[in-house]
Structures are given as C-alpha cells and as structure tokens.
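Novice: mmCIF, C-alpha atoms and all ligand atoms, file protein.cif:
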data_protein
#
loop_
_atom_site.label_atom_id
_atom_site.label_comp_id
_atom_site.auth_asym_id
_atom_site.auth_seq_id
_atom_site.Cartn_x
_atom_site.Cartn_y
_atom_site.Cartn_z
CA MET A 30 151.08 -190.10 47.51
CA VAL A 31 152.97 -193.34 47.00
CA VAL A 32 155.88 -193.35 44.57
CA THR A 33 157.29 -196.71 43.51
CA LEU A 34 160.70 -196.92 41.89
CA LEU A 35 159.82 -199.35 39.10
CA GLY A 36 163.33 -199.51 37.69
CA THR A 37 166.58 -197.84 38.77
CA GLY A 38 169.09 -199.04 36.16
CA THR A 39 170.86 -197.24 33.36
CA SER A 40 170.03 -197.94 29.69
CA SER A 41 171.58 -201.43 29.66
CA GLY A 42 170.00 -202.49 32.94
CA VAL A 43 172.01 -204.23 35.66
CA PRO A 44 173.26 -206.93 35.27
CA LEU A 45 174.63 -206.08 31.86
CA ILE A 46 174.49 -208.81 29.22
CA GLY A 47 177.86 -210.56 29.14
CA CYS A 48 179.35 -208.81 32.19
CA SER A 49 180.82 -210.77 35.07
CA CYS A 50 181.81 -207.91 37.36
CA GLU A 51 181.01 -208.21 41.08
CA VAL A 52 177.91 -206.02 40.70
CA CYS A 53 176.51 -208.00 37.78
CA ARG A 54 177.20 -211.26 39.65
CA SER A 55 175.80 -209.95 42.95
CA LEU A 56 172.93 -211.92 44.52
CA ASP A 57 171.65 -208.82 46.35
CA TYR A 58 168.22 -207.95 44.91
CA ARG A 59 169.17 -204.27 45.17
CA ASP A 60 171.86 -204.83 42.54
CA LYS A 61 169.30 -206.01 39.97
CA ARG A 62 168.14 -202.91 38.18
CA LEU A 63 165.57 -202.75 35.40
CA ARG A 64 165.42 -199.68 33.16
CA VAL A 65 164.23 -196.49 34.91
CA SER A 66 160.65 -195.52 35.53
CA VAL A 67 158.51 -194.45 38.48
CA HIS A 68 154.89 -195.04 39.34
CA ILE A 69 152.93 -192.34 41.16
CA LEU A 70 149.72 -193.17 42.99
CA ILE A 71 147.94 -190.03 44.15
CA GLU A 72 144.28 -189.38 44.93
CA GLU A 73 143.49 -192.85 43.54
CA LYS A 74 145.00 -191.85 40.19
CA SER A 75 147.84 -193.87 38.73
CA PHE A 76 150.63 -192.49 36.55
CA VAL A 77 153.92 -193.74 35.17
CA ILE A 78 156.81 -191.60 34.06
CA ASP A 79 158.43 -193.32 31.01
CA THR A 80 157.73 -196.75 29.56
CA GLY A 81 161.12 -198.33 28.91
CA PRO A 82 161.72 -201.87 27.65
CA ASP A 83 160.89 -203.29 31.10
CA PHE A 84 157.47 -201.60 31.39
CA ARG A 85 155.56 -204.88 31.22
CA GLN A 86 157.73 -206.41 33.96
CA HIS A 87 157.20 -203.32 36.12
CA MET A 88 153.41 -203.55 35.81
CA LEU A 89 153.34 -207.28 36.56
CA ARG A 90 155.75 -207.11 39.50
CA GLU A 91 153.85 -204.26 41.16
CA GLY A 92 150.41 -205.61 40.29
CA ILE A 93 149.40 -202.34 38.67
CA ASN A 94 146.01 -202.79 37.03
CA GLN A 95 145.00 -199.17 36.59
CA LEU A 96 146.92 -196.57 34.60
CA ASP A 97 145.49 -193.10 33.98
CA ALA A 98 148.33 -191.58 31.94
CA VAL A 99 151.93 -191.94 30.79
CA LEU A 100 154.35 -189.01 31.00
CA PHE A 101 157.67 -188.92 29.16
CA THR A 102 160.91 -187.31 30.29
CA HIS A 103 162.57 -187.68 26.87
CA GLN A 104 162.71 -189.89 23.80
CA HIS A 105 165.67 -192.21 24.50
CA LYS A 106 164.85 -195.84 23.86
CA ASP A 107 165.45 -196.95 27.45
CA HIS A 108 162.50 -194.66 28.33
CA THR A 109 160.12 -195.41 25.43
CA ALA A 110 160.63 -198.96 24.14
CA GLY A 111 157.85 -200.55 26.20
CA LEU A 112 155.03 -198.24 25.11
CA ASP A 113 153.35 -200.94 23.01
CA ASP A 114 152.40 -202.79 26.20
CA VAL A 115 150.01 -200.04 27.32
CA ARG A 116 147.51 -201.86 25.10
CA ALA A 117 146.87 -204.11 28.09
CA PHE A 118 145.40 -201.04 29.80
CA ASN A 119 143.45 -200.14 26.65
CA PHE A 120 141.73 -203.54 26.95
CA LEU A 121 141.21 -203.27 30.71
CA GLN A 122 139.99 -199.70 30.77
CA GLN A 123 138.33 -199.54 27.36
CA ARG A 124 139.81 -196.17 26.53
CA ASP A 125 142.77 -194.56 24.79
CA MET A 126 145.89 -194.03 26.90
CA PRO A 127 146.71 -190.36 27.44
CA VAL A 128 150.41 -189.74 26.72
CA TYR A 129 152.19 -186.52 27.73
CA GLY A 130 155.49 -185.27 26.34
CA ARG A 131 157.15 -182.35 24.63
CA ALA A 132 156.77 -181.98 20.84
CA GLN A 133 160.06 -183.69 19.96
CA VAL A 134 159.16 -186.69 22.12
CA LEU A 135 155.69 -187.06 20.59
CA GLU A 136 157.18 -186.80 17.08
CA GLN A 137 159.60 -189.60 17.82
CA LEU A 138 156.88 -191.78 19.36
CA GLN A 139 154.88 -191.36 16.15
CA ARG A 140 157.90 -192.58 14.14
CA GLU A 141 158.82 -195.47 16.44
CA PHE A 142 155.24 -196.67 16.89
CA GLU A 143 154.05 -195.63 13.43
CA TYR A 144 151.55 -198.54 13.28
CA ALA A 145 149.70 -197.12 16.30
CA PHE A 146 149.01 -193.91 14.42
CA ALA A 147 148.27 -195.39 10.97
CA GLU A 148 145.01 -194.54 9.26
CA PHE A 149 144.09 -198.22 8.90
CA ARG A 150 144.97 -199.78 12.23
CA TYR A 151 145.44 -203.46 12.87
CA PRO A 152 143.10 -204.63 15.67
CA GLY A 153 144.72 -204.89 19.11
CA ILE A 154 147.42 -202.29 18.63
CA PRO A 155 147.91 -199.64 21.34
CA ARG A 156 145.49 -196.74 21.38
CA LEU A 157 147.33 -193.58 22.38
CA ARG A 158 146.11 -190.04 22.80
CA LEU A 159 149.02 -187.60 22.58
CA HIS A 160 149.15 -184.40 24.64
CA GLU A 161 151.94 -181.93 23.99
CA ILE A 162 153.38 -180.27 27.08
CA HIS A 163 155.52 -177.16 27.47
CA ASN A 164 157.54 -175.87 30.37
CA GLU A 165 154.48 -174.85 32.34
CA PRO A 166 152.32 -176.66 34.90
CA PHE A 167 149.51 -178.89 33.63
CA SER A 168 146.88 -181.11 35.21
CA ILE A 169 145.88 -184.68 34.51
CA GLU A 170 142.71 -185.95 36.21
CA GLY A 171 142.98 -183.07 38.68
CA VAL A 172 146.62 -183.80 39.62
CA GLU A 173 149.07 -180.97 38.93
CA PHE A 174 152.45 -181.72 37.36
CA VAL A 175 155.16 -179.07 37.18
CA PRO A 176 157.72 -179.76 34.43
CA ILE A 177 161.37 -179.01 35.20
CA ASP A 178 163.36 -178.24 32.08
CA VAL A 179 166.85 -179.73 32.34
CA LEU A 180 169.64 -180.82 30.00
CA HIS A 181 170.95 -184.32 29.22
CA HIS A 182 174.12 -183.23 27.41
CA LYS A 183 172.39 -181.17 24.68
CA LEU A 184 169.00 -182.86 24.80
CA PRO A 185 166.20 -181.07 26.67
CA VAL A 186 164.58 -183.39 29.21
CA PHE A 187 161.63 -182.82 31.49
CA GLY A 188 161.71 -183.72 35.13
CA PHE A 189 158.41 -183.48 37.00
CA ARG A 190 157.32 -182.19 40.39
CA VAL A 191 154.09 -183.44 41.96
CA GLY A 192 153.34 -181.93 45.37
CA ASP A 193 156.54 -182.22 47.41
CA PHE A 194 158.02 -184.96 45.24
CA ALA A 195 160.30 -184.37 42.23
CA TYR A 196 161.71 -186.83 39.71
CA LEU A 197 164.74 -185.86 37.65
CA THR A 198 166.56 -188.46 35.59
CA ASP A 199 168.85 -188.33 32.55
CA VAL A 200 170.24 -184.95 33.50
CA ASN A 201 173.67 -183.39 33.81
CA HIS A 202 172.64 -179.75 34.02
CA ILE A 203 169.83 -177.98 35.88
CA PRO A 204 169.49 -174.36 34.72
CA GLU A 205 169.33 -171.88 37.59
CA SER A 206 165.97 -170.71 36.26
CA GLU A 207 164.51 -174.07 37.37
CA TYR A 208 165.83 -174.04 40.96
CA ALA A 209 162.76 -172.25 42.30
CA LYS A 210 160.58 -175.22 41.31
CA LEU A 211 162.79 -177.55 43.36
CA GLN A 212 162.59 -175.82 46.73
CA ASN A 213 161.00 -177.32 49.86
CA LEU A 214 160.94 -180.86 48.51
CA ASP A 215 160.14 -183.77 50.76
CA THR A 216 161.63 -186.30 48.34
CA LEU A 217 163.88 -185.89 45.31
CA VAL A 218 164.62 -188.83 43.01
CA LEU A 219 167.67 -187.88 40.95
CA GLY A 220 169.77 -189.60 38.28
CA ALA A 221 173.32 -190.53 39.37
CA LEU A 222 175.06 -192.86 36.94
CA GLN A 223 178.46 -193.84 38.32
CA HIS A 224 181.55 -192.43 40.03
CA GLU A 225 183.39 -191.26 36.92
CA PRO A 226 182.26 -188.15 35.02
CA HIS A 227 179.88 -188.75 32.09
CA ILE A 228 178.90 -186.56 29.16
CA SER A 229 175.14 -186.68 29.73
CA HIS A 230 174.47 -187.86 33.31
CA PHE A 231 175.40 -186.54 36.74
CA ASN A 232 177.96 -188.74 38.40
CA LEU A 233 177.68 -189.50 42.11
CA ARG A 234 179.67 -186.45 43.25
CA GLU A 235 177.65 -184.07 41.05
CA ALA A 236 174.36 -185.59 42.20
CA LEU A 237 175.43 -185.11 45.82
CA GLU A 238 176.20 -181.46 45.02
CA VAL A 239 172.69 -181.02 43.60
CA VAL A 240 171.20 -182.51 46.79
CA GLU A 241 173.35 -180.15 48.85
CA LEU A 242 172.12 -177.20 46.78
CA LEU A 243 168.40 -178.05 46.69
CA LYS A 244 168.19 -179.43 50.24
CA PRO A 245 165.29 -181.88 49.91
CA GLN A 246 164.36 -183.71 53.14
CA ARG A 247 165.60 -186.91 51.50
CA ALA A 248 167.00 -187.98 48.14
CA TYR A 249 167.22 -191.27 46.26
CA PHE A 250 169.50 -191.85 43.29
CA THR A 251 168.42 -193.71 40.16
CA HIS A 252 169.57 -194.53 36.57
CA ILE A 253 172.47 -196.39 38.13
CA SER A 254 175.19 -198.22 36.19
CA HIS A 255 177.00 -201.38 37.30
CA LYS A 256 180.05 -199.09 37.52
CA MET A 257 178.50 -197.46 40.62
CA GLY A 258 179.48 -200.54 42.63
CA ARG A 259 177.47 -202.79 44.90
CA HIS A 260 174.49 -201.19 46.61
CA SER A 261 175.53 -202.48 50.04
CA LEU A 262 179.01 -200.93 49.73
CA VAL A 263 178.07 -197.56 48.20
CA GLU A 264 175.05 -196.62 50.29
CA PRO A 265 176.93 -196.44 53.64
CA THR A 266 179.26 -193.82 52.11
CA LEU A 267 176.36 -191.39 51.52
CA PRO A 268 174.94 -188.76 53.90
CA SER A 269 172.12 -190.19 56.05
CA HIS A 270 169.30 -188.47 54.11
CA VAL A 271 170.62 -189.71 50.74
CA LYS A 272 170.15 -193.26 49.52
CA LEU A 273 170.59 -195.30 46.40
CA GLY A 274 167.23 -196.26 44.99
CA TYR A 275 166.44 -199.86 44.17
CA ASP A 276 163.74 -201.55 42.14
CA GLY A 277 160.45 -201.89 43.98
CA LEU A 278 161.26 -199.29 46.66
CA LYS A 279 158.12 -197.45 47.76
CA LEU A 280 158.28 -193.87 48.97
CA TYR A 281 155.38 -192.51 51.03
CA ILE A 282 155.12 -188.76 50.63
ZN ZN A 301 168.04 -193.16 30.29
ZN ZN A 302 178.93 -205.55 35.36
ZN ZN A 303 168.54 -190.55 28.15
#
Let me see whether you can do it: turn the structure in this file into structure tokens.

Specialist:
Amino acid sequence: MVVTLLGTGTSSGVPLIGCSCEVCRSLDYRDKRLRVSVHILIEEKSFVIDTGPDFRQHMLREGINQLDAVLFTHQHKDHTAGLDDVRAFNFLQQRDMPVYGRAQVLEQLQREFEYAFAEFRYPGIPRLRLHEIHNEPFSIEGVEFVPIDVLHHKLPVFGFRVGDFAYLTDVNHIPESEYAKLQNLDTLVLGALQHEPHISHFNLREALEVVELLKPQRAYFTHISHKMGRHSLVEPTLPSHVKLGYDGLKLYI
C-alpha cells in the first residue's frame, strides 16, 4: 500500500492569505500546505479520503489518473469543496464516481452540489453515486475499510483504517470504544493543529499523547496551522518515530 499525503494544511491552507509570519513567508516546501486529503493506492485500486478545495491540484501534482472511490471524513468545506472536479474522472473512466460517507455528510453534499443531483442535469456535471456508511467495516473493490468514529468538538467524524494504516483528522476526542480498532498500527496519520489548545482539534501535546497511548510503529501529523511553527524547527522536537507530515510525502506500508 502506498499512502500519499496530498495536503497537510488546516482549513485556510498555509500560507494564509494576508499573513506575513515566518511560516507563511518560509521558502521551505514543507511549510506550504494545501488542504488535507490522502491518497491510498492498494492492490491497484486508488482512493482519496476527502476532496477539499485543492483536490484538483492534488490530482495534477501527483499525476493521479485513476480514482475508484472518494471517502469522506466529515462535511466541513475544507474537506468537500473540490468534489466538482471528480468529473474529470467521470470523463476518463466513463462511469459514476462512488462516494462514501455517513448520512449527514451525504445530505450536505446533496445540498452543496444540488445541480449534480437534479432531475434535469446539465451535460458535463459530476456524476456521483452515493453510498451511506455506518460505524462498521465495508469493502470497496475488495479493499476493506474500518471506520473509526471520533469527535471534532460535537461533530461526529469518521477516521478510516485500511490494513495497518489509519487516518484520523479533524478530531479532538477518540472514544475508548474505538481504541481496539487502532491497535498494532504500522502507520498512523493524525490531526495536530498547533501548540495552543483548540475547541475541535488535537493540539500537538494531545496528539503526542494519542500516539503514546496507541503505540503505532510511526506517526505523522497533519491538518497543521501556520501557528505550529516552521517544519524544520518543530520536527526535531518530536520523538524519533513521530514526524510532521508534509504535502507530497509518500508512506510505504
Ligand atoms: Zn478540516
Ligand atoms: Zn502565517
Ligand atoms: Zn473539520
């Protein structure tokens, strides 16, 4: 399995429009963070988790020309805004794009992209096939995904485990009932926003506590704000098996 971190930035992306802090002015490519998403390539099947506003850029940068399904963690705009661009894959693959999410996510997609679900559809709009998921394992094209039901302040969010990889972003609480699904991980990609506490995201200290508790072989943080500081200065402060993610990083699992 190859997991590519497509974007590792918080909702505004980094740099932030109008900000001149040292992170936003940094020339280090690891300080340039598009909105979060990951690509999973497994058994020649290709999946993305979330299609934020930078989805098109992600696909072009990584040269992804096959996409078998889209999975959604939750309905925030920084995770959904780019869904229209899956129409490129509709043209390439000549089929509807399977989309997986919980009921509330699918309802919001149908409101935000109402034209894609209209009875009389303009030619060229995205063709989406919605699949509702619950907190139980499901398969897409023979690949098993295990949802992990977590909280983002009060909003339920799904993380996903595939084999020995788990992806958990936009989370500040993991119920104990979900811990069993997160044992014996090779790689955990986990949201860690900044140093200061936040109402709906783990901060760096809390994310490190989660890593300590779950004991994956290695962990990478994502959904990072400019307030985290420069990549090159923060990463050396972390334990050796914990890193900050950066856009384009490939993880071989
Ligand atoms: Zn987000
Ligand atoms: Zn900044
Ligand atoms: Zn969110």

Novice: Restricting the calculation to only C-alpha atoms and all ligand atoms: of A:Gln123, A:Ser41, A:Gln223, A:Thr216, which residue gets closest to ligand ZN 303 (chain A)?

Specialist: A:Ser41

Novice: List all protein, DNA and RNA residues that have any atom at most 6 Å from ligand ZN 302 (chain A), counting all atoms listed in the file, and write the list as a PyMOL selection string.

Specialist: chain A and resi 44-45+48-50+52-53+255

Novice: Excluding Lys272 (chain A) and any residue of its chain fewer than 2 positions from it, enumerate the residues within 9 Å of it, using all atoms listed in the file, and give them as a list in words.

Specialist: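 Within the cut-off, the hits are Arg247, Ala248, Tyr249, Phe250, Glu264, Pro265, Leu267, Pro268, Ser269, His270 and Gly274 of chain A.
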
Novice: Take CA of Val179 (chain A) and CA of His160 (chain A) and report the distance between them in Å, one decimal.

Specialist: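 Separating CA of Val179 (chain A) from CA of His160 (chain A) is a distance of 19.9 Å.
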
Novice: Which residues of chain A come within 7 Å of ligand ZN 301 (chain A), and for each one, what is the closest pair of atoms and their distance in Å to one decimal, counting all atoms listed in the file, sorted by chain and residue number, as JSON lines?

Specialist:
{"residue": "A:Thr39", "atom": "CA", "partner": "A:ZN301", "partner_atom": "ZN", "distance": 5.8}
{"residue": "A:Ser40", "atom": "CA", "partner": "A:ZN301", "partner_atom": "ZN", "distance": 5.2}
{"residue": "A:Val65", "atom": "CA", "partner": "A:ZN301", "partner_atom": "ZN", "distance": 6.9}
{"residue": "A:His105", "atom": "CA", "partner": "A:ZN301", "partner_atom": "ZN", "distance": 6.3}
{"residue": "A:Asp107", "atom": "CA", "partner": "A:ZN301", "partner_atom": "ZN", "distance": 5.4}
{"residue": "A:His108", "atom": "CA", "partner": "A:ZN301", "partner_atom": "ZN", "distance": 6.1}
{"residue": "A:Asp199", "atom": "CA", "partner": "A:ZN301", "partner_atom": "ZN", "distance": 5.4}
{"residue": "A:His252", "atom": "CA", "partner": "A:ZN301", "partner_atom": "ZN", "distance": 6.6}

Novice: Under the rule that only C-alpha atoms are counted, which of A:Ile78, A:Leu138, A:Met88, A:Val172 is the nearest residue to Arg158 (chain A)?

Specialist: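 When distances to Arg158 (chain A) are compared using only C-alpha atoms, the smallest one comes from A:Leu138.
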
Novice: Considering only C-alpha atoms and all ligand atoms, can you say which of A:Glu235, A:Arg140, A:Glu51, A:Leu180 comes closest to ligand ZN 303 (chain A)?

Specialist: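 Answer, going by the shortest atom-to-atom distance: A:Leu180.
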
Novice: Looking at all atoms listed in the file, which of A:Ile71, A:Ala110, A:Leu121, A:Ile228 is the one that sits closest to Gln95 (chain A)?

Specialist: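 Using all atoms listed in the file, the shortest distance to Gln95 (chain A) belongs to A:Leu121.
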
Novice: Excluding Thr109 (chain A) and its own-chain neighbours fewer than 4 positions away, which residues fall within 8 Å of it when counting only C-alpha atoms? Please give them as a ChimeraX atom specification.

Specialist: /A:79-82,101,104-105,138

Novice: Have a look at CA of Pro245 (chain A) and CA of Leu217 (chain A) and let me know their distance in Å, one decimal.

Specialist: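 Interatomic distance here is 6.3 Å.
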
Novice: Mind pulling up the distance from CA of Tyr129 (chain A) to CA of Pro155 (chain A)?

Specialist: 15.2 Å

Novice: Neighbouring residues of Glu136 (chain A) were defined as those with any atom within 10 Å, considering all atoms listed in the file; residues of the same chain fewer than 6 positions away were excluded. Please report them as a PyMOL selection string.

Specialist: chain A and resi 104+130+159+161

Novice: Just C-alpha atoms for this one: save the residues we selected as a PDB file, in the frame of the given file.

Specialist:
ATOM      1  CA  GLN A 104     162.710-189.890  23.800  1.00  0.00           C
ATOM      2  CA  GLY A 130     155.490-185.270  26.340  1.00  0.00           C
ATOM      3  CA  LEU A 159     149.020-187.600  22.580  1.00  0.00           C
ATOM      4  CA  GLU A 161     151.940-181.930  23.990  1.00  0.00           C
TER       5      GLU A 161
END

Novice: Just checking: using all atoms listed in the file, which residue out of A:Val77, A:Val200, A:Val99, A:Leu112 ends up closest to ligand ZN 303 (chain A)?

Specialist: A:Val200

Novice: I need the residue nearest ligand ZN 303 (chain A) from this list: A:Gly192, A:Pro185, A:Pro176, A:Pro204. Use only C-alpha atoms and all ligand atoms for the distance.

Specialist: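 Answer, going by the shortest atom-to-atom distance: A:Pro185.
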
Novice: For Ile169 (chain A), find every residue with an atom within 10 Å (counting all atoms listed in the file), except residues of its own chain fewer than 3 positions away, and show them as an MDAnalysis selection string.

Specialist: chainID A and resid 74 76 97:98 127 129 172:174

Novice: For Arg234 (chain A), find every residue with an atom within 12 Å (counting all atoms listed in the file), except residues of its own chain fewer than 6 positions away, and show them as a PyMOL selection string.

Specialist: chain A and resi 201+220-227+240-241+250+257+266-268
